[in-house]
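**Student:** To start, I am sharing the structure in question, which I have written as structure tokens.
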Number of protein chains: 6
Amino acid sequence: MDKFLGFNSELSEAEIVFLGLPFDGTVTFRPGSRFAPHAVRAMSEGIETYSPYQKKDLENKLIGDYGDLLLPFGNTAKTMQLIEAKAEELLEDGKKILSCGGEHLVSYPIIKAYARKYPEISVIHIDAHTDLREHYLGEKLSHASVIKLVCNHINPQNIYQYGIRSGQKVEFEWAEKNTNFYPFSLEKITELPKNNPIYLTLDLDVLDPAYLPGTGTPEPGGLSFNELLEGLLKLQGSNIVGADIVELSPDYDHSGASTMVAVKLIRELALLFG
Amino acid sequence: MDKFLGFNSELSEAEIVFLGLPFDGTVTFRPGSRFAPHAVRAMSEGIETYSPYQKKDLENKLIGDYGDLLLPFGNTAKTMQLIEAKAEELLEDGKKILSCGGEHLVSYPIIKAYARKYPEISVIHIDAHTDLREHYLGEKLSHASVIKLVCNHINPQNIYQYGIRSGQKVEFEWAEKNTNFYPFSLEKITELPKNNPIYLTLDLDVLDPAYLPGTGTPEPGGLSFNELLEGLLKLQGSNIVGADIVELSPDYDHSGASTMVAVKLIRELALLFG
Amino acid sequence: MDKFLGFNSELSEAEIVFLGLPFDGTVTFRPGSRFAPHAVRAMSEGIETYSPYQKKDLENKLIGDYGDLLLPFGNTAKTMQLIEAKAEELLEDGKKILSCGGEHLVSYPIIKAYARKYPEISVIHIDAHTDLREHYLGEKLSHASVIKLVCNHINPQNIYQYGIRSGQKVEFEWAEKNTNFYPFSLEKITELPKNNPIYLTLDLDVLDPAYLPGTGTPEPGGLSFNELLEGLLKLQGSNIVGADIVELSPDYDHSGASTMVAVKLIRELALLFG
Amino acid sequence: MDKFLGFNSELSEAEIVFLGLPFDGTVTFRPGSRFAPHAVRAMSEGIETYSPYQKKDLENKLIGDYGDLLLPFGNTAKTMQLIEAKAEELLEDGKKILSCGGEHLVSYPIIKAYARKYPEISVIHIDAHTDLREHYLGEKLSHASVIKLVCNHINPQNIYQYGIRSGQKVEFEWAEKNTNFYPFSLEKITELPKNNPIYLTLDLDVLDPAYLPGTGTPEPGGLSFNELLEGLLKLQGSNIVGADIVELSPDYDHSGASTMVAVKLIRELALLFG
Amino acid sequence: MDKFLGFNSELSEAEIVFLGLPFDGTVTFRPGSRFAPHAVRAMSEGIETYSPYQKKDLENKLIGDYGDLLLPFGNTAKTMQLIEAKAEELLEDGKKILSCGGEHLVSYPIIKAYARKYPEISVIHIDAHTDLREHYLGEKLSHASVIKLVCNHINPQNIYQYGIRSGQKVEFEWAEKNTNFYPFSLEKITELPKNNPIYLTLDLDVLDPAYLPGTGTPEPGGLSFNELLEGLLKLQGSNIVGADIVELSPDYDHSGASTMVAVKLIRELALLFG
Amino acid sequence: MDKFLGFNSELSEAEIVFLGLPFDGTVTFRPGSRFAPHAVRAMSEGIETYSPYQKKDLENKLIGDYGDLLLPFGNTAKTMQLIEAKAEELLEDGKKILSCGGEHLVSYPIIKAYARKYPEISVIHIDAHTDLREHYLGEKLSHASVIKLVCNHINPQNIYQYGIRSGQKVEFEWAEKNTNFYPFSLEKITELPKNNPIYLTLDLDVLDPAYLPGTGTPEPGGLSFNELLEGLLKLQGSNIVGADIVELSPDYDHSGASTMVAVKLIRELALLFG
């Protein structure tokens with residue numbers, strides 16, 4: 001397996017494990033995020049390991065690349081179980097997980113495992129969409145429901161939502177009442193309790209499609225890359241214990257630029273980990 | 001025919017009629033805007049009917065989707081007549097028209113019909129290009145002449161031009177003397193008489209090609225999506241009686257993001273109507 | 001040969017010569033900038049000769065289009081010699097050169113020739129990457145080393161670097177000590193000695209990939225087109241005697257928008273020449 | 001809904017019903033066949049209703065276009081039930097079904113319903129792949145298992161396989177022993193009992209990828225379009241009571257030619273129905 | 001202007017003139033053949049001037065490249081006049097014309113001019129479509145009517161149609177009664193009177209879309225490149241006095257292979273001229 | 001590193017070594033074959049290890065995947081030395097080499113090493129182009145000269161050329177006099193001495209661009225995939241000791257089908273080895 005640039009540690013020695021989750025089975029509109037883990041590894045040779053923003057280098061971190069989990073297409077429930085079991089195993093081994101979807105639903109079993117280990121964890125949810133549907137065409141396990149599912153395991157008061165600009169009216173109203181809801185931007189990204197462990201779930205479609213055309217459901221009117229990066233950099237020094245990056249769809253990324261956006265954000269996220 | 005998302009009213013009951021005008025016959029550079037009406041309908045399933053910007057929902061408006069007018073390629077004069085006749089018929093029925101080109105020339109017969117019904121109408125022209133040529137290769141009926149043609153029916157003092165960043169020197173000079181000319185941005189979009197009925201013609205290439213690569217004549221240096229949206233939202237509460245959106249060219253939109261930009265703007269325009 | 005729009009002077013009468021340098025032989029990641037000179041000429045029919053920013057028109061300048069230099073692929077050293085000899089010949093004829101790569105290494109022989117004619121010349125280097133490697137896989141003649149090579153002929157104190165956001169740690173440190181190093185933006189582009197002749201080398205990947213996906217090594221987090229244009233316009237009135245624009249890669253520019261960005265910048269650069 | 005060209009009968013009067021089955025949930029390699037039903041309808045305006053091969057015209061047949069079945073992504077079992085129920089309902093109404101996938105697994109519930117109505121039915125399976133796996137990554141409901149699943153309901157002696165050129169060794173051996181197995185070509189397509197009702201399942205990847213690049217798993221070395229068409233035309237006069245066409249994946253069909261192949265074959269299949 | 005490879009004679013000395021006709025104004029389905037003349041010139045550098053089939057070299061022929069005629073989009077009647085006038089002028093100068101569309105309608109004014117000069121001329125029409133409609137959406141000047149229009153100037157008994165596989169029933173019936181109609185193949189291409197001057201109009205969509213995806217209306221089931229080439233080579237020694245090649249649409253030719261097909265056929269046609 | 005499907009042996013145990021040679025430095029027209037080794041490995045998951053043509057399975061062969069040689073772009077001479085040294089080392093270890101370019105020039109150093117080990121070796125050259133130029137723009141090390149270079153080390157009487165359909169007149173004449181020259185087809189592929197060791201160099205552009213659009217210099221009029229495969233299968237039982245496959249250019253292979261052609265041919269070549 002090609003490894004992500006600079007993620008060269010043996011898994012046994014790694015503090016952070018990069019995990020590919022190539023699943024897009026509940027996506028109703030445009031699939032293809034299953035190809036993202038392979039694409040980001042291949043494109044990662046086009047960047048440097050050094051971040052001039054954080055003045056840190058991947059070569060000084062203990063990060064291993066697990067490769068991709070083998071997932072059965074067509075069976076969402078079993079997929080959820082397999083991801084959760086792997087997350088639990090890695091957390092028990094003392095690893096921190098940086099995972100790459102796949103669709104947003106893959107975050108659900110990961111966060112479930114984190115919630116058991118860190119009951120007080122804060123979840124930062126950066127996204128264009130509310131993802132708070134009760135179900136989608138009758139299916140509860142849906143990419144459009146992932147944060148609602150997470151609320152079964154994390155108190156909504158510990159969920160911080162940023163950048164959202166699309167959803168049903170009822171979803172917006174529910175979010176305003178129940179979660180820490182900061183739509184349209186990342187300006188208030190530091191509005192969360194100090195010292196708490198943080199899990200960050202980043203749906204790349206929070207970016208404007210100008211910056212990330214390669215996604216299943218592009219939603220115009222989003223953040224620029226620099227606005228997103230500046231928001232994330234404000235988290236330097238906080239206690240990030242887990243993160244994922246989801247919804248890159250390489251088939252709609254004809255120039256490779258969207259994949260490079262994900263690559264660079266993976267580097268920055270890895271360097272942000274506590 | 002697939003209908004645009006949420007434009008579900010019967011035509012007889014509709015207050016606003018969505019009308020596809022798939023014509024790009026005078027385009028000299030890159031054609032293909034003829035495919036825009038079909039493309040926006042197909043892509044519209046990827047958004048929500050609810051606008052969190054205006055806090056309104058398409059489901060609460062009476063909007064019908066007429067489908068596309070059947071137009072004869074190769075005969076521009078006849079095409080103009082057919083569009084004008086249909087616009088007149090709809091206006092006589094008391095409808096407001098939200099049309100989707102096609103090239104910019106399709107706005108001309110629509111505005112002609114509006115000028116007869118609303119002699120005092122203000123025309124807001126948002127575009128990258130002046131569109132004020134006397135003729136193009138000897139042809140008066142040209143996408144590069146549309147606003148000059150409109151000036152035969154609307155006093156230039158009632159025309160408000162925004163965002164323009166390309167044209168011949170003589171066009172810039174004519175505009176500065178005759179129309180309300182605010183190039184490069186939308187900042188002064190509220191500089192127009194209160195209470196007058198407004199017709200808004202939106203050439204999508206006012207957007208920077210980063211946000212809208214899918215257009216025939218991309219002109220770098222334009223607006224971001226959010227700058228355009230913010231400008232349009234300033235028109236909330238004004239008396240918009242007609243609008244069109246032109247020059248989306250789906251063949252140059254490999255990721256679908258440009259089409260989604262048009263889709264979202266159609267939703268917002270529909271919700272802006274008085 | 002198709003000429004670039006408005007570059008219609010005979011070479012014998014031209015003050016500025018536009019020169020295509022279709023070479024991408026040392027690029028290790030994604031090649032294809034060899035196609036840029038042909039692409040910009042073909043796409044140039046989509047703009048106007050008039051700049052509403054500078055209020056100048058190409059039709060009032062004496063600019064000739066030399067066409068492309070014929071370069072032997074696979075032999076970098078000989079390519080460098082051919083470019084340098086041609087640059088020297090044009091400079092001896094009293095021409096100013098506006099060249100279009102190709103990869104960034106083509107700037108090296110051009111600047112060598114300029115350094116002989118104008119020993120006091122200031123070099124403005126606008127780029128996403130430091131380009132200060134000593135060598136790349138053992139090769140000193142590399143697109144990643146071009147500015148380091150230039151430093152053999154120009155005092156680093158006369159080099160002004162802008163917009164850089166990627167490189168190795170040692171490159172950043174070297175730049176901070178030796179050149180005038182203003183990373184991440186163009187804000188300080190006027191920080192250079194008045195009246196000195198200026199050579200401007202513009203690597204288009206300084207733009208964010210949203211604005212320029214069509215490049216070999218897209219680096220997210222760059223300038224918008226308007227930020228770049230505004231920076232360049234600040235140089236109005238200074239003594240620009242030479243310039244190049246490099247690293248457009250049309251094969252990754254499916255919509256043509258990246259090529260149009262280069263086209264428009266070539267127009268503005270030509271109008272900026274002293 | 002846009003209708004497929006010439007499929008204009010009311011469903012109540014139709015003898016043949018065209019049914020879109022936009023499901024690709026078990027595809028492990030490259031998804032996207034979900035978009036095929038929409039794509040063939042849109043592209044169908046580019047052909048004629050008249051077949052010069054069969055000298056018949058769609059306008060003389062009673063064919064209705066049902067539209068697409070709404071299917072829940074991520075839940076394969078439920079999807080199978082919904083398709084089977086709809087097929088059963090249509091068969092009870094006396095309709096013949098011409099369906100368009102989607103992935104090949106959609107044929108399974110359709111054929112199950114046909115097997116109940118026509119116990120003696122012969123199944124013609126035209127494909128590049130054997131599709132005889134017992135399971136795929138542990139899942140029995142898989143596109144790679146569809147014909148094996150069908151064998152639970154149809155005696156393998158009534159299954160006729162043509163064109164196959166890829167599979168595991170055990171699949172080839174099983175087919176040689178159990179089904180009527182004619183790999184690599186359609187030459188023996190008439191080797192089936194006269195007068196029996198026939199169900200034809202056509203996996204488009206039987207075509208060489210030169211003729212059909214737009215499919216999930218292209219397998220070089222297949223039939224030309226004319227070889228496939230000639231094979232199908234040999235079935236004129238036989239008793240075809242149902243058919244499907246699967247595995248067109250429009251996202252990999254950049255020129256539209258693959259979609260047009262499917263469109264033309266749908267026309268010819270519709271005209272072949274008994 | 002870039003010249004087509006090997007077409008280097010001065011126009012005054014040329015025996016054959018290559019003429020670009022970038023018009024696609026009556027195309028109702030997918031436009032873009034206007035870009036073909038430019039595309040074939042640019043791609044022609046990828047072939048050799050020598051034909052191993054005819055054992056002839058372009059360097060031994062007197063062929064000039066006129067460039068493209070400037071045509072007014074949106075005004076079909078005037079376009080027809082301009083083409084006819086230019087054809088007449090060239091014929092009066094004793095030139096033979098090898099033209100490159102553009103859509104098929106551009107052949108009409110060319111053939112009109114030829115019919116005046118060579119009243120006994122035979123027209124070979126190679127195409128996927130009959131092109132015998134009386135009108136299309138009421139317009140007589142249509143790409144779907146071009147051969148019917150030609151029949152106003154050439155006796156249908158002197159028209160030889162090959163390769164046709166699509167049309168309305170009435171068109172097929174008319175052709176069978178009136179022209180020399182050899183559908184589906186080129187086998188009978190030598191069925192024409194010896195010694196008569198020949199005009200050959202080649203609609204590239206006669207090729208199967210596998211060989212030519214880059215066309216406006218791909219029609220599966222056509223000729224292979226070698227079948228077409230072999231047919232054309234049978235015309236060696238006959239008296240070809242004019243030819244055109246139409247309906248290449250480069251925007252649908254993402255790999256460039258379709259354009260190269262046109263390039264190679266232009267070389268072979270030029271070498272076939274009497 | 002991802003391995004090519006089924007090439008799982010340790011290098012120390014392997015009898016055949018698969019070697020990627022990602023070099024395209026002398027290509028003057030369209031580069032990108034450097035990406036082929038990565039592309040074929042990634043796409044190889046889409047085929048089976050079993051060949052129904054040869055009734056053999058990769059799982060029963062000892063084949064290892066070396067990965068790619070790291071080559072310095074811009075320095076062709078050094079690249080040749082590095083490839084030759086690696087080939088020599090592998091041959092001394094008793095391995096047979098199956099390599100994947102890159103451009104055709106990579107075959108030269110490989111064959112040089114083979115010529116030393118097997119002085120009597122026969123070289124089968126399958127290609128669209130003669131590749132017999134003395135030099136290209138003055139460079140002797142060129143993809144257009146590779147077979148001429150090979151003739152410095154192998155007697156032209158031991159070179160067998162098949163499928164060629166493009167070249168300069170002098171190249172055709174030289175080949176007819178000096179090599180075993182069978183242009184246009186593979187029909188005479190068995191015209192070579194029994195029992196001699198064979199090296200097979202396969203330039204994929206021998207295929208018609210319908211079957212392989214993804215190549216730098218598509219040459220219409222080539223073989224179908226099945227014609228090429230049938231030719232290769234005639235070599236079953238002969239003593240193939242080395243082979244390469246060159247000139248796949250994935251950037252022009254938007255559907256992936258060209259890459260799949262290379263993948264399947266690599267499988268068949270590996271199974272053909274003596």
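Here, A, B, ... name the chains of the structure tokens in the order displayed, residue numbers run from 1 inside each chain, and ligands are numbered from 1 in the same displayed order.
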Would you please extract all alpha helix (DSSP H) residues from stretch 154-227 of chain E, as assigned by DSSP on the backbone, and give them as a PyMOL selection string?

**Tutor:** chain E and resi 169-178+225-227

**Student:** Compile the contact shell of D:Glu219 as a list in words: residues with an atom at most 8 Å away, counting only C-alpha atoms, same-chain residues fewer than 3 positions apart removed.

**Tutor:** Ala128, Ser166, Asp205, Val206, Asp208, Pro209 and Gly222 of chain D; Ile47, Ala257, Met260 and Val261 of chain F

**Student:** From a backbone DSSP assignment, name each residue in stretch 102-191 of chain F labelled strand (DSSP E or B), as a ChimeraX atom specification.

**Tutor:** /F:122-126,129,136,139,159-162,166,180-182

**Student:** Compile a residue-level contact table for chain B against chain C at a cut-off of 7 Å, reporting for every qualifying residue the shortest atom pair and its distance in Å to one decimal, with only C-alpha atoms counted, rows ordered by chain and ascending number, as CSV.

**Tutor:**
```
residue,atom,partner,partner_atom,distance
B:Phe29,CA,C:Gly46,CA,6.7
B:Arg165,CA,C:Pro52,CA,6.7
B:Ser166,CA,C:Pro52,CA,6.8
B:Gly167,CA,C:Glu48,CA,6.3
B:Gln168,CA,C:Tyr50,CA,6.0
B:Lys169,CA,C:Tyr50,CA,6.3
B:Pro209,CA,C:Ala257,CA,6.0
B:Ala210,CA,C:Tyr211,CA,4.7
B:Pro213,CA,C:Ser255,CA,5.8
B:Gly214,CA,C:Ser255,CA,6.6
B:Thr217,CA,C:Gly46,CA,6.3
B:Pro218,CA,C:Ala257,CA,6.0
B:Pro220,CA,C:Val261,CA,5.7
B:Gly221,CA,C:Asn226,CA,5.3
B:Tyr252,CA,C:Ser255,CA,4.8
B:Asp253,CA,C:Ser255,CA,6.6
```

**Student:** Write a file of the selected residues as a compact mmCIF listing (two decimals), in the first residue's frame, keeping C-alpha atoms.

**Tutor:**
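The result, written out as selection-v7.txt:
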```
# COMPACT_ATOMS: atom_id res chain seq x y z
CA PHE B 29 -17.10 31.96 -28.67
CA ARG B 165 -15.38 44.39 -15.78
CA SER B 166 -15.01 43.83 -19.53
CA GLY B 167 -15.90 45.67 -22.71
CA GLN B 168 -14.61 47.97 -25.36
CA LYS B 169 -13.51 51.44 -24.39
CA PRO B 209 -14.81 31.73 -12.96
CA ALA B 210 -13.57 30.11 -9.75
CA PRO B 213 -16.29 27.89 -14.61
CA GLY B 214 -19.27 26.59 -16.56
CA THR B 217 -16.90 33.49 -21.78
CA PRO B 218 -15.26 33.23 -18.36
CA PRO B 220 -11.51 36.34 -14.27
CA GLY B 221 -11.76 38.87 -11.48
CA TYR B 252 -17.86 23.36 -19.25
CA ASP B 253 -19.08 22.40 -15.77
```

**Student:** Residues at most 6 Å from D:Thr26, counting only C-alpha atoms, excluding those fewer than 4 positions away in the same chain, as a PyMOL selection string?

**Tutor:** (chain A and resi 73-74) or (chain D and resi 142)

**Student:** Please produce a file of those selected residues containing all heavy atoms, as an mmCIF file, in the first residue's frame.

**Tutor:**
```cif
data_model
loop_
_atom_site.group_PDB
_atom_site.id
_atom_site.type_symbol
_atom_site.label_atom_id
_atom_site.label_comp_id
_atom_site.auth_asym_id
_atom_site.auth_seq_id
_atom_site.Cartn_x
_atom_site.Cartn_y
_atom_site.Cartn_z
ATOM 1 N N PHE A 73 -19.958 -3.555 0.739
ATOM 2 C CA PHE A 73 -20.950 -2.646 0.167
ATOM 3 C C PHE A 73 -22.331 -3.294 0.164
ATOM 4 O O PHE A 73 -22.461 -4.487 -0.059
ATOM 5 C CB PHE A 73 -20.552 -2.243 -1.239
ATOM 6 C CG PHE A 73 -19.648 -1.068 -1.208
ATOM 7 C CD1 PHE A 73 -18.277 -1.243 -1.176
ATOM 8 C CD2 PHE A 73 -20.163 0.211 -1.133
ATOM 9 C CE1 PHE A 73 -17.437 -0.147 -1.111
ATOM 10 C CE2 PHE A 73 -19.328 1.306 -1.072
ATOM 11 C CZ PHE A 73 -17.957 1.126 -1.057
ATOM 12 N N GLY A 74 -23.319 -2.481 0.434
ATOM 13 C CA GLY A 74 -24.693 -2.964 0.402
ATOM 14 C C GLY A 74 -25.216 -3.366 1.763
ATOM 15 O O GLY A 74 -26.394 -3.662 1.915
ATOM 16 N N SER D 142 -25.129 -9.568 -3.987
ATOM 17 C CA SER D 142 -24.052 -8.800 -4.606
ATOM 18 C C SER D 142 -24.211 -8.831 -6.117
ATOM 19 O O SER D 142 -24.685 -9.812 -6.688
ATOM 20 C CB SER D 142 -22.705 -9.389 -4.215
ATOM 21 O OG SER D 142 -21.704 -9.017 -5.132
#
```

**Student:** Can you tell me how far atom CA of F:Leu5 sits from atom CA of F:Ser44, in Å to one decimal?

**Tutor:** 5.4 Å

**Student:** To one decimal place in Å, what is the distance between atom CA of D:Thr79 and atom CA of A:Pro72?

**Tutor:**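 Calculated distance between atom CA of D:Thr79 and atom CA of A:Pro72 is 16.3 Å.
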
**Student:** Which residues of stretch 70-168 of chain E sit at most 7 Å from stretch 9-16 of chain E, using only C-alpha atoms? Give each one's shortest atom pair and distance in Å (one decimal place), in chain and ascending residue order, as JSON lines.

**Tutor:**
```
{"residue": "E:Lys95", "atom": "CA", "partner": "E:Glu15", "partner_atom": "CA", "distance": 5.2}
{"residue": "E:Lys96", "atom": "CA", "partner": "E:Ile16", "partner_atom": "CA", "distance": 4.7}
{"residue": "E:Ile97", "atom": "CA", "partner": "E:Ile16", "partner_atom": "CA", "distance": 5.8}
{"residue": "E:Leu98", "atom": "CA", "partner": "E:Ile16", "partner_atom": "CA", "distance": 6.9}
```

**Student:** Identify, on the basis of only C-alpha atoms, every residue whose closest approach to E:Leu71 does not exceed 10 Å; exclude the query and any residue fewer than 5 positions from it along the same chain; express the result as a list in words.

**Tutor:**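 Here the answer would be Thr28 and Leu137 of chain B; Leu21, Pro22, Phe23, Thr76, Lys78, Thr79, Met80, Leu82 and Ile83 of chain E.
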
**Student:** Identify which of the residues F:Ile121, F:Leu132, F:Leu69, F:Ile126 lies closest to F:Glu171, counting only C-alpha atoms when measuring atom-to-atom distances.

**Tutor:**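 Nearest candidate to F:Glu171 out of F:Ile121, F:Leu132, F:Leu69, F:Ile126: F:Leu132.
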